[in-house]
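Text of entry_7.pdb, listed as PDB, C-alpha atoms and all ligand atoms:
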```
ATOM      1  CA  MET A1139     -11.423 -12.852  20.995
ATOM      2  CA  ALA A1140     -12.547 -10.007  18.813
ATOM      3  CA  VAL A1141     -10.813  -7.037  17.348
ATOM      4  CA  PRO A1142     -12.983  -3.985  16.835
ATOM      5  CA  ILE A1143     -12.959  -2.262  13.502
ATOM      6  CA  ASN A1144     -10.137   0.199  13.333
ATOM      7  CA  PRO A1145     -11.682   3.624  12.770
ATOM      8  CA  SER A1146      -8.517   4.803  11.062
ATOM      9  CA  SER A1147      -8.573   2.027   8.482
ATOM     10  CA  SER A1148      -9.306   2.786   4.864
ATOM     11  CA  PRO A1149     -12.899   3.843   4.296
ATOM     12  CA  MET A1150     -12.986   1.417   1.381
ATOM     13  CA  THR A1151     -12.258  -1.633   3.447
ATOM     14  CA  GLU A1152     -13.695  -2.924   6.651
ATOM     15  CA  LYS A1153     -11.636  -5.464   8.425
ATOM     16  CA  ILE A1154     -13.290  -7.733  10.875
ATOM     17  CA  LYS A1155     -11.398 -10.368  12.732
ATOM     18  CA  SER A1156     -12.738 -13.142  14.834
ATOM     19  CA  VAL A1157     -10.844 -15.795  16.696
ATOM     20  CA  CYS A1158     -12.663 -18.446  18.640
ATOM     21  CA  GLY A1159     -10.797 -20.023  21.474
ATOM     22  CA  SER A1160     -10.901 -23.775  21.466
ATOM     23  CA  GLY A1161     -13.261 -25.221  24.028
ATOM     24  CA  ARG A1162     -15.618 -22.287  23.875
ATOM     25  CA  LYS A1163     -19.202 -22.834  22.964
ATOM     26  CA  ASN A1164     -20.391 -21.425  19.651
ATOM     27  CA  SER A1165     -22.804 -19.120  21.382
ATOM     28  CA  PHE A1166     -19.873 -17.282  22.894
ATOM     29  CA  CYS A1167     -18.124 -16.983  19.596
ATOM     30  CA  ARG A1168     -19.099 -13.667  18.113
ATOM     31  CA  LEU A1169     -17.332 -11.127  16.012
ATOM     32  CA  SER A1170     -17.993  -8.336  18.425
ATOM     33  CA  PRO A1171     -19.223  -8.843  21.969
ATOM     34  CA  SER A1172     -20.377  -5.264  22.338
ATOM     35  CA  PRO A1173     -22.194  -2.938  19.926
ATOM     36  CA  SER A1174     -20.106  -0.574  17.885
ATOM     37  CA  PRO A1175     -21.127   1.936  15.210
ATOM     38  CA  LEU A1176     -20.741  -0.784  12.595
ATOM     39  CA  THR A1177     -21.818  -3.788  14.590
ATOM     40  CA  PRO A1178     -25.338  -3.761  15.967
ATOM     41  CA  PRO A1179     -26.275  -5.832  19.015
ATOM     42  CA  GLY A1180     -26.929  -9.426  18.079
ATOM     43  CA  GLY A1181     -23.536 -10.001  16.624
ATOM     44  CA  ILE A1182     -22.100 -11.596  13.609
ATOM     45  CA  ALA A1183     -25.021 -12.616  11.426
ATOM     46  CA  ARG A1184     -26.595  -9.233  10.948
ATOM     47  CA  HIS A1185     -23.447  -7.175  10.676
ATOM     48  CA  GLY A1186     -23.625  -4.948   7.646
ATOM     49  CA  ALA A1187     -26.742  -6.721   6.434
ATOM     50  CA  ALA A1188     -28.386  -3.490   5.355
ATOM     51  CA  ILE A1189     -25.496  -2.766   3.028
ATOM     52  CA  TYR A1190     -25.250  -6.301   1.687
ATOM     53  CA  ASP A1191     -28.988  -6.468   1.118
ATOM     54  CA  ASP A1192     -29.274  -3.216  -0.748
ATOM     55  CA  PRO A1193     -29.393  -3.991  -4.468
ATOM     56  CA  LYS A1194     -28.572  -0.352  -5.244
ATOM     57  CA  HIS A1195     -25.016  -1.098  -4.185
ATOM     58  CA  ASP A1196     -24.540  -4.080  -6.456
ATOM     59  CA  PRO A1197     -22.956  -2.874  -9.704
ATOM     60  CA  TYR A1198     -24.511  -5.807 -11.536
ATOM     61  CA  GLN A1199     -27.983  -4.826 -10.402
ATOM     62  CA  VAL A1200     -27.401  -1.179 -11.187
ATOM     63  CA  LYS A1201     -25.969  -1.851 -14.628
ATOM     64  CA  HIS A1202     -28.852  -3.939 -15.916
ATOM     65  CA  LYS A1203     -32.353  -2.560 -15.665
ATOM     66  CA  TYR A1204     -35.089  -5.139 -15.765
ATOM     67  CA  ALA A1205     -38.694  -4.928 -16.851
ATOM     68  CA  GLU A1206     -41.276  -6.787 -14.785
ATOM     69  CA  PRO A1207     -41.663  -9.613 -15.200
ATOM     70  CA  THR A1208     -38.356 -10.834 -16.629
ATOM     71  CA  VAL A1209     -37.128 -14.411 -16.710
ATOM     72  CA  CYS A1210     -33.418 -15.270 -16.792
ATOM     73  CA  LYS A1211     -32.665 -17.252 -19.899
ATOM     74  CA  ASP A1212     -29.786 -19.106 -18.224
ATOM     75  CA  CYS A1213     -31.130 -20.083 -14.804
ATOM     76  CA  GLY A1214     -34.873 -19.425 -15.018
ATOM     77  CA  ALA A1215     -35.041 -17.040 -12.068
ATOM     78  CA  VAL A1216     -37.873 -14.507 -12.327
ATOM     79  CA  PHE A1217     -37.601 -10.783 -11.660
ATOM     80  CA  HIS A1218     -40.821  -9.779  -9.953
ATOM     81  CA  ARG A1219     -41.738  -7.007  -7.507
ATOM     82  CA  GLY A1220     -38.243  -5.628  -7.599
ATOM     83  CA  ARG A1221     -36.379  -8.811  -6.753
ATOM     84  CA  TRP A1222     -35.198 -12.060  -8.276
ATOM     85  CA  GLN A1223     -37.074 -15.139  -7.161
ATOM     86  CA  TRP A1224     -37.395 -18.780  -8.088
ATOM     87  CA  GLY A1225     -40.708 -19.699  -9.642
ATOM     88  CA  ASP A1226     -42.643 -20.104 -12.841
ATOM     89  CA  ALA A1227     -42.258 -17.264 -15.310
ATOM     90  CA  PRO A1228     -45.453 -15.601 -16.525
ATOM     91  CA  ALA A1229     -46.115 -16.098 -20.239
ATOM     92  CA  ASN A1230     -45.489 -12.412 -20.954
ATOM     93  CA  ALA A1231     -42.102 -12.352 -19.202
ATOM     94  CA  GLN A1232     -39.220 -10.757 -21.035
ATOM     95  CA  GLN A1233     -35.958 -12.645 -21.324
ATOM     96  CA  ALA A1234     -32.625 -11.419 -19.996
ATOM     97  CA  LEU A1235     -29.689 -12.573 -17.938
ATOM     98  CA  CYS A1236     -30.018 -12.171 -14.168
ATOM     99  CA  PRO A1237     -27.123 -10.455 -12.339
ATOM    100  CA  ALA A1238     -25.792 -13.795 -11.071
ATOM    101  CA  CYS A1239     -25.674 -15.318 -14.547
ATOM    102  CA  HIS A1240     -24.068 -12.124 -15.846
ATOM    103  CA  ARG A1241     -21.337 -12.519 -13.239
ATOM    104  CA  ILE A1242     -20.897 -16.181 -14.148
ATOM    105  CA  ARG A1243     -20.539 -15.337 -17.845
ATOM    106  CA  ASP A1244     -18.170 -12.472 -17.056
ATOM    107  CA  ARG A1245     -16.270 -14.566 -14.502
ATOM    108  CA  TYR A1246     -16.623 -11.675 -12.107
ATOM    109  CA  PRO A1247     -17.314 -12.918  -8.573
ATOM    110  CA  ALA A1248     -18.824 -10.835  -5.778
ATOM    111  CA  GLY A1249     -17.290 -13.048  -3.116
ATOM    112  CA  TYR A1250     -13.999 -14.847  -2.617
ATOM    113  CA  VAL A1251     -13.580 -17.354   0.196
ATOM    114  CA  THR A1252     -10.102 -18.697   0.810
ATOM    115  CA  LEU A1253      -9.931 -21.758   3.049
ATOM    116  CA  GLN A1254      -6.382 -22.570   4.073
ATOM    117  CA  GLY A1255      -4.047 -24.112   6.615
ATOM    118  CA  PRO A1256      -2.763 -27.546   7.628
ATOM    119  CA  TYR A1257      -6.140 -28.638   9.009
ATOM    120  CA  LEU A1258      -7.824 -27.716   5.744
ATOM    121  CA  LYS A1259      -5.318 -29.779   3.809
ATOM    122  CA  GLN A1260      -6.039 -32.795   5.989
ATOM    123  CA  HIS A1261      -9.814 -32.397   5.667
ATOM    124  CA  ARG A1262     -10.095 -30.960   2.190
ATOM    125  CA  ASP A1263     -12.749 -33.362   0.888
ATOM    126  CA  GLU A1264     -14.922 -33.120   3.963
ATOM    127  CA  ILE A1265     -14.818 -29.324   4.019
ATOM    128  CA  THR A1266     -15.388 -29.072   0.267
ATOM    129  CA  HIS A1267     -18.466 -31.235   0.691
ATOM    130  CA  MET A1268     -19.727 -29.001   3.459
ATOM    131  CA  VAL A1269     -19.207 -25.895   1.323
ATOM    132  CA  ARG A1270     -21.268 -27.440  -1.478
ATOM    133  CA  ASN A1271     -24.030 -28.239   0.985
ATOM    134  CA  SER A1272     -23.978 -24.679   2.285
ATOM    135  CA  GLU A1273     -24.824 -23.372  -1.143
ATOM    136  CA  GLY A1274     -28.254 -24.976  -1.220
ATOM    137  CA  LYS A1275     -29.361 -23.412   2.053
ATOM    138  CA  GLU A1276     -28.689 -19.869   0.866
ATOM    139  CA  LYS A1277     -29.536 -20.327  -2.809
ATOM    140  CA  THR A1278     -33.016 -21.701  -2.082
ATOM    141  CA  GLY A1279     -34.335 -18.305  -1.037
ATOM    142  CA  HIS A1280     -31.881 -16.100  -2.896
ATOM    143  CA  PRO A1281     -31.384 -16.841  -6.596
ATOM    144  CA  LEU A1282     -28.523 -14.377  -6.894
ATOM    145  CA  GLU A1283     -26.485 -16.132  -4.208
ATOM    146  CA  ARG A1284     -24.570 -18.999  -5.772
ATOM    147  CA  ILE A1285     -21.205 -20.668  -5.843
ATOM    148  CA  MET A1286     -19.362 -19.934  -9.075
ATOM    149  CA  ALA A1287     -16.404 -22.245  -8.593
ATOM    150  CA  ILE A1288     -14.511 -24.262  -6.009
ATOM    151  CA  GLU A1289     -10.844 -24.441  -6.961
ATOM    152  CA  ASP A1290      -7.890 -26.152  -5.362
ATOM    153  CA  THR A1291      -5.050 -23.711  -4.865
ATOM    154  CA  ASP A1292      -1.570 -23.931  -3.373
ATOM    155  CA  ALA A1293      -2.937 -22.357  -0.194
ATOM    156  CA  GLY A1294      -5.984 -24.625   0.024
ATOM    157  CA  ILE A1295      -9.381 -23.958  -1.527
ATOM    158  CA  LEU A1296     -10.733 -20.851  -3.233
ATOM    159  CA  VAL A1297     -14.518 -20.557  -3.451
ATOM    160  CA  THR A1298     -15.930 -17.820  -5.659
ATOM    161  CA  THR A1299     -19.551 -16.698  -5.370
ATOM    162  CA  THR A1300     -22.052 -14.548  -7.244
ATOM    163  CA  GLY A1301     -23.143 -12.745  -4.078
ATOM    164  CA  THR A1302     -21.519 -11.442  -0.906
ATOM    165  CA  HIS A1303     -24.057 -13.245   1.283
ATOM    166  CA  MET A1304     -22.987 -16.611  -0.035
ATOM    167  CA  ALA A1305     -19.307 -15.894   0.598
ATOM    168  CA  ARG A1306     -20.046 -14.716   4.100
ATOM    169  CA  ASP A1307     -22.321 -17.664   4.781
ATOM    170  CA  ILE A1308     -19.726 -20.205   3.671
ATOM    171  CA  ALA A1309     -16.957 -18.668   5.773
ATOM    172  CA  GLU A1310     -19.220 -18.489   8.819
ATOM    173  CA  ARG A1311     -20.421 -22.062   8.455
ATOM    174  CA  VAL A1312     -16.892 -23.403   8.131
ATOM    175  CA  HIS A1313     -15.797 -21.303  11.078
ATOM    176  CA  GLU A1314     -18.698 -22.494  13.185
ATOM    177  CA  ALA A1315     -18.094 -26.131  12.354
ATOM    178  CA  TYR A1316     -14.308 -26.249  12.448
ATOM    179  CA  LYS A1317     -13.300 -23.255  14.616
ATOM    180  CA  GLY A1318     -10.030 -21.759  13.440
ATOM    181  CA  GLU A1319      -9.793 -18.119  12.432
ATOM    182  CA  VAL A1320     -11.843 -16.114   9.962
ATOM    183  CA  GLU A1321     -11.357 -12.643   8.522
ATOM    184  CA  PHE A1322     -13.640 -10.577   6.326
ATOM    185  CA  HIS A1323     -12.614  -7.744   4.054
ATOM    186  CA  TYR A1324     -15.499  -5.903   2.517
ATOM    187  CA  ASN A1325     -15.006  -3.429  -0.298
ATOM    188  CA  LYS A1326     -18.072  -1.195  -0.384
ATOM    189  CA  GLU A1327     -17.251   0.468  -3.663
ATOM    190  CA  ASP A1328     -17.137  -2.784  -5.607
ATOM    191  CA  GLN A1329     -19.543  -4.725  -3.369
ATOM    192  CA  LEU A1330     -16.838  -7.306  -2.999
ATOM    193  CA  LEU A1331     -16.382  -9.548   0.009
ATOM    194  CA  ARG A1332     -13.180 -11.457   0.620
ATOM    195  CA  ALA A1333     -13.244 -13.994   3.437
ATOM    196  CA  THR A1334     -10.264 -15.968   4.635
ATOM    197  CA  TRP A1335     -10.554 -18.910   6.976
ATOM    198  CA  THR A1336      -7.425 -20.457   8.387
ATOM    199  CA  ARG A1337      -6.857 -23.530  10.440
TER     200      ARG A1337
HETATM  201 ZN    ZN B   1     -29.790 -16.326 -14.158
END
```

Since I need it in another form, could you write the structure as structure tokens?
Amino acid sequence: MAVPINPSSSPMTEKIKSVCGSGRKNSFCRLSPSPSPLTPPGGIARHGAAIYDDPKHDPYQVKHKYAEPTVCKDCGAVFHRGRWQWGDAPANAQQALCPACHRIRDRYPAGYVTLQGPYLKQHRDEITHMVRNSEGKEKTGHPLERIMAIEDTDAGILVTTTGTHMARDIAERVHEAYKGEVEFHYNKEDQLLRATWTR
């Protein structure tokens, strides 16, 4: 049900594959049942979290230095104590664009989620609705994690996101709810996550 990461694969790309057998309970559905150098015990949710969470790796956070406090002139998020948060901006806050709004203006996503397959085509509206709902849960605590666009494609649906967490979260939620098969390709250099869910 799980394929370990191939140590001989490109250092730029980690490939993780998870297939849940039908009839199994969710609790048994994990990317990797045993710890590996890249997958700590506890499974899917925390895999690679240290890398994803580290703003030093995000080119959009490296490129733009922010004074404290700074308020984003597009979305209103506030940069305070080294991170972007939702809240009221202090009167002395400088104005700038947060990394998420920069990505939106540049049309440069950090995450791509492809949802595809015959089942997707039959349940497109329902799954699209679920994806939109997923955004709120992640975005509430993380201003830089947002959906950029949800597009219909020949293959199914393409969801683009401003953060890798959001892309991962969407793919995992869809996988959890609808089973099927999900793959993640993470490009460390560009901090880019591509997730593909198929059913
Ligand atoms: Zn913003």

Go through chain A residue by residue and, counting all atoms listed in the file, keep those with an atom at most 9 Å from ligand ZN 1 (chain B); for each kept residue give the shortest atom pair and its distance in Å to one decimal, ordered by chain and increasing number, as JSON lines.
```
{"residue": "A:Val1209", "atom": "CA", "partner": "B:ZN1", "partner_atom": "ZN", "distance": 8.0}
{"residue": "A:Cys1210", "atom": "CA", "partner": "B:ZN1", "partner_atom": "ZN", "distance": 4.6}
{"residue": "A:Lys1211", "atom": "CA", "partner": "B:ZN1", "partner_atom": "ZN", "distance": 6.5}
{"residue": "A:Asp1212", "atom": "CA", "partner": "B:ZN1", "partner_atom": "ZN", "distance": 4.9}
{"residue": "A:Cys1213", "atom": "CA", "partner": "B:ZN1", "partner_atom": "ZN", "distance": 4.0}
{"residue": "A:Gly1214", "atom": "CA", "partner": "B:ZN1", "partner_atom": "ZN", "distance": 6.0}
{"residue": "A:Ala1215", "atom": "CA", "partner": "B:ZN1", "partner_atom": "ZN", "distance": 5.7}
{"residue": "A:Val1216", "atom": "CA", "partner": "B:ZN1", "partner_atom": "ZN", "distance": 8.5}
{"residue": "A:Ala1234", "atom": "CA", "partner": "B:ZN1", "partner_atom": "ZN", "distance": 8.1}
{"residue": "A:Leu1235", "atom": "CA", "partner": "B:ZN1", "partner_atom": "ZN", "distance": 5.3}
{"residue": "A:Cys1236", "atom": "CA", "partner": "B:ZN1", "partner_atom": "ZN", "distance": 4.2}
{"residue": "A:Pro1237", "atom": "CA", "partner": "B:ZN1", "partner_atom": "ZN", "distance": 6.7}
{"residue": "A:Ala1238", "atom": "CA", "partner": "B:ZN1", "partner_atom": "ZN", "distance": 5.6}
{"residue": "A:Cys1239", "atom": "CA", "partner": "B:ZN1", "partner_atom": "ZN", "distance": 4.3}
{"residue": "A:His1240", "atom": "CA", "partner": "B:ZN1", "partner_atom": "ZN", "distance": 7.3}
{"residue": "A:Ile1242", "atom": "CA", "partner": "B:ZN1", "partner_atom": "ZN", "distance": 8.9}
{"residue": "A:Pro1281", "atom": "CA", "partner": "B:ZN1", "partner_atom": "ZN", "distance": 7.7}
{"residue": "A:Leu1282", "atom": "CA", "partner": "B:ZN1", "partner_atom": "ZN", "distance": 7.6}
```

Excluding Arg1270 (chain A) and any residue of its chain fewer than 2 positions from it, enumerate the residues within 10 Å of it, using all atoms listed in the file, and give them as a list in words.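 Counting all atoms listed in the file, the residues come to Ile1265, Thr1266, His1267, Met1268, Ser1272, Glu1273, Gly1274, Lys1275, Ile1285, Ile1288, Val1297 and Ile1308 of chain A.
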
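Interatomic distance, CA of Asp1290 (chain A) to CA of Tyr1198 (chain A): 27.0 Å.
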
Using all atoms listed in the file for the distances, tell me which of A:Thr1291, A:Leu1258, A:Met1286, A:Leu1330 is nearest to Lys1317 (chain A). A:Leu1258

Neighbours of Ala1293 (chain A) within 10 Å (all atoms listed in the file; same-chain residues fewer than 6 positions away dropped), as number ranges by chain? A: 1252-1256, 1258-1259, 1336

CA of Thr1298 (chain A) to CA of Gln1260 (chain A), straight-line distance in Å: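 CA of Thr1298 (chain A) lies at a distance of 21.4 Å from CA of Gln1260 (chain A).
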
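When CA of Phe1217 (chain A) is paired with CA of Glu1327 (chain A), their separation reads 24.6 Å.
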
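Closest approach to Glu1276 (chain A) among A:Arg1262, A:His1303, A:Lys1326, A:His1313: A:His1303, based on all atoms listed in the file.
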
Compile the contact shell of Glu1283 (chain A) as a list in words: residues with an atom at most 6 Å away, counting all atoms listed in the file, same-chain residues fewer than 5 positions apart removed.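 Once the adjacent positions are removed, what remains is Lys1277, Thr1300, Gly1301 and Met1304 of chain A.
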
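With all atoms listed in the file as the basis for measurement, A:Arg1284 is the residue among A:His1261, A:Arg1284, A:Ala1205, A:Arg1337 that approaches Pro1247 (chain A) most closely.
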
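Among the candidates A:Val1251, A:Val1320, A:Asp1263, A:Asn1271, the one nearest to Ala1305 (chain A) when counting only C-alpha atoms is A:Val1251.
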
Surrounding residues of Thr1208 (chain A) excluding itself and chain neighbours under 6 positions, 12 Å, all atoms listed in the file, as a list in words: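 Answer for this query is His1202, Gly1214, Ala1215, Val1216, Phe1217, His1218, Arg1219, Gly1220, Arg1221, Trp1222, Gln1223, Trp1224, Gly1225, Asp1226, Ala1227, Pro1228, Ala1229, Asn1230, Ala1231, Gln1232, Gln1233, Ala1234, Leu1235 and Cys1236 of chain A.
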
Some atoms are absent from region 1291-1319 of chain A, so rebuild N, CA and C atoms and return them as a PDB file, in the coordinates of the input.
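Listing of out.pdb after writing:
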```
ATOM      1  N   THR A1291      -6.182 -24.613  -4.665  1.00  0.00           N
ATOM      2  CA  THR A1291      -5.050 -23.711  -4.865  1.00  0.00           C
ATOM      3  C   THR A1291      -3.874 -24.204  -4.025  1.00  0.00           C
ATOM      4  N   ASP A1292      -2.737 -23.562  -4.191  1.00  0.00           N
ATOM      5  CA  ASP A1292      -1.570 -23.931  -3.373  1.00  0.00           C
ATOM      6  C   ASP A1292      -1.872 -23.728  -1.890  1.00  0.00           C
ATOM      7  N   ALA A1293      -2.635 -22.665  -1.594  1.00  0.00           N
ATOM      8  CA  ALA A1293      -2.937 -22.357  -0.194  1.00  0.00           C
ATOM      9  C   ALA A1293      -4.004 -23.287   0.372  1.00  0.00           C
ATOM     10  N   GLY A1294      -4.886 -23.790  -0.470  1.00  0.00           N
ATOM     11  CA  GLY A1294      -5.984 -24.625   0.024  1.00  0.00           C
ATOM     12  C   GLY A1294      -7.107 -24.677  -0.986  1.00  0.00           C
ATOM     13  N   ILE A1295      -8.219 -23.983  -0.646  1.00  0.00           N
ATOM     14  CA  ILE A1295      -9.381 -23.958  -1.527  1.00  0.00           C
ATOM     15  C   ILE A1295      -9.802 -22.501  -1.729  1.00  0.00           C
ATOM     16  N   LEU A1296     -10.153 -22.160  -2.961  1.00  0.00           N
ATOM     17  CA  LEU A1296     -10.733 -20.851  -3.233  1.00  0.00           C
ATOM     18  C   LEU A1296     -12.153 -21.065  -3.754  1.00  0.00           C
ATOM     19  N   VAL A1297     -13.125 -20.488  -3.030  1.00  0.00           N
ATOM     20  CA  VAL A1297     -14.518 -20.557  -3.451  1.00  0.00           C
ATOM     21  C   VAL A1297     -14.918 -19.172  -3.940  1.00  0.00           C
ATOM     22  N   THR A1298     -15.437 -19.099  -5.157  1.00  0.00           N
ATOM     23  CA  THR A1298     -15.930 -17.820  -5.659  1.00  0.00           C
ATOM     24  C   THR A1298     -17.453 -17.885  -5.719  1.00  0.00           C
ATOM     25  N   THR A1299     -18.090 -16.734  -5.460  1.00  0.00           N
ATOM     26  CA  THR A1299     -19.551 -16.698  -5.370  1.00  0.00           C
ATOM     27  C   THR A1299     -20.120 -15.522  -6.162  1.00  0.00           C
ATOM     28  N   THR A1300     -21.392 -15.630  -6.493  1.00  0.00           N
ATOM     29  CA  THR A1300     -22.052 -14.548  -7.244  1.00  0.00           C
ATOM     30  C   THR A1300     -22.570 -13.456  -6.324  1.00  0.00           C
ATOM     31  N   GLY A1301     -22.626 -13.732  -5.027  1.00  0.00           N
ATOM     32  CA  GLY A1301     -23.143 -12.745  -4.078  1.00  0.00           C
ATOM     33  C   GLY A1301     -22.289 -12.706  -2.818  1.00  0.00           C
ATOM     34  N   THR A1302     -22.308 -11.566  -2.133  1.00  0.00           N
ATOM     35  CA  THR A1302     -21.519 -11.442  -0.906  1.00  0.00           C
ATOM     36  C   THR A1302     -22.100 -12.282   0.230  1.00  0.00           C
ATOM     37  N   HIS A1303     -23.428 -12.438   0.231  1.00  0.00           N
ATOM     38  CA  HIS A1303     -24.057 -13.245   1.283  1.00  0.00           C
ATOM     39  C   HIS A1303     -23.528 -14.670   1.273  1.00  0.00           C
ATOM     40  N   MET A1304     -23.431 -15.226   0.074  1.00  0.00           N
ATOM     41  CA  MET A1304     -22.987 -16.611  -0.035  1.00  0.00           C
ATOM     42  C   MET A1304     -21.567 -16.764   0.493  1.00  0.00           C
ATOM     43  N   ALA A1305     -20.696 -15.820   0.141  1.00  0.00           N
ATOM     44  CA  ALA A1305     -19.307 -15.894   0.598  1.00  0.00           C
ATOM     45  C   ALA A1305     -19.250 -15.821   2.122  1.00  0.00           C
ATOM     46  N   ARG A1306     -20.019 -14.896   2.660  1.00  0.00           N
ATOM     47  CA  ARG A1306     -20.046 -14.716   4.100  1.00  0.00           C
ATOM     48  C   ARG A1306     -20.600 -15.965   4.796  1.00  0.00           C
ATOM     49  N   ASP A1307     -21.662 -16.494   4.218  1.00  0.00           N
ATOM     50  CA  ASP A1307     -22.321 -17.664   4.781  1.00  0.00           C
ATOM     51  C   ASP A1307     -21.377 -18.872   4.824  1.00  0.00           C
ATOM     52  N   ILE A1308     -20.653 -19.075   3.737  1.00  0.00           N
ATOM     53  CA  ILE A1308     -19.726 -20.205   3.671  1.00  0.00           C
ATOM     54  C   ILE A1308     -18.637 -20.062   4.731  1.00  0.00           C
ATOM     55  N   ALA A1309     -18.043 -18.881   4.799  1.00  0.00           N
ATOM     56  CA  ALA A1309     -16.957 -18.668   5.773  1.00  0.00           C
ATOM     57  C   ALA A1309     -17.466 -18.856   7.200  1.00  0.00           C
ATOM     58  N   GLU A1310     -18.670 -18.366   7.469  1.00  0.00           N
ATOM     59  CA  GLU A1310     -19.220 -18.489   8.819  1.00  0.00           C
ATOM     60  C   GLU A1310     -19.555 -19.937   9.166  1.00  0.00           C
ATOM     61  N   ARG A1311     -20.078 -20.656   8.192  1.00  0.00           N
ATOM     62  CA  ARG A1311     -20.421 -22.062   8.455  1.00  0.00           C
ATOM     63  C   ARG A1311     -19.170 -22.893   8.722  1.00  0.00           C
ATOM     64  N   VAL A1312     -18.143 -22.658   7.936  1.00  0.00           N
ATOM     65  CA  VAL A1312     -16.892 -23.403   8.131  1.00  0.00           C
ATOM     66  C   VAL A1312     -16.290 -23.041   9.491  1.00  0.00           C
ATOM     67  N   HIS A1313     -16.333 -21.772   9.795  1.00  0.00           N
ATOM     68  CA  HIS A1313     -15.797 -21.303  11.078  1.00  0.00           C
ATOM     69  C   HIS A1313     -16.559 -21.909  12.251  1.00  0.00           C
ATOM     70  N   GLU A1314     -17.861 -21.948  12.119  1.00  0.00           N
ATOM     71  CA  GLU A1314     -18.698 -22.494  13.185  1.00  0.00           C
ATOM     72  C   GLU A1314     -18.428 -23.982  13.381  1.00  0.00           C
ATOM     73  N   ALA A1315     -18.264 -24.679  12.271  1.00  0.00           N
ATOM     74  CA  ALA A1315     -18.094 -26.131  12.354  1.00  0.00           C
ATOM     75  C   ALA A1315     -16.679 -26.537  12.755  1.00  0.00           C
ATOM     76  N   TYR A1316     -15.696 -25.791  12.286  1.00  0.00           N
ATOM     77  CA  TYR A1316     -14.308 -26.249  12.448  1.00  0.00           C
ATOM     78  C   TYR A1316     -13.441 -25.293  13.262  1.00  0.00           C
ATOM     79  N   LYS A1317     -14.056 -24.264  13.842  1.00  0.00           N
ATOM     80  CA  LYS A1317     -13.300 -23.255  14.616  1.00  0.00           C
ATOM     81  C   LYS A1317     -12.260 -22.590  13.722  1.00  0.00           C
ATOM     82  N   GLY A1318     -11.045 -22.448  14.225  1.00  0.00           N
ATOM     83  CA  GLY A1318     -10.030 -21.759  13.440  1.00  0.00           C
ATOM     84  C   GLY A1318     -10.221 -20.253  13.495  1.00  0.00           C
ATOM     85  N   GLU A1319      -9.794 -19.591  12.444  1.00  0.00           N
ATOM     86  CA  GLU A1319      -9.793 -18.119  12.432  1.00  0.00           C
ATOM     87  C   GLU A1319     -10.379 -17.639  11.119  1.00  0.00           C
TER      88      GLU A1319
END
```
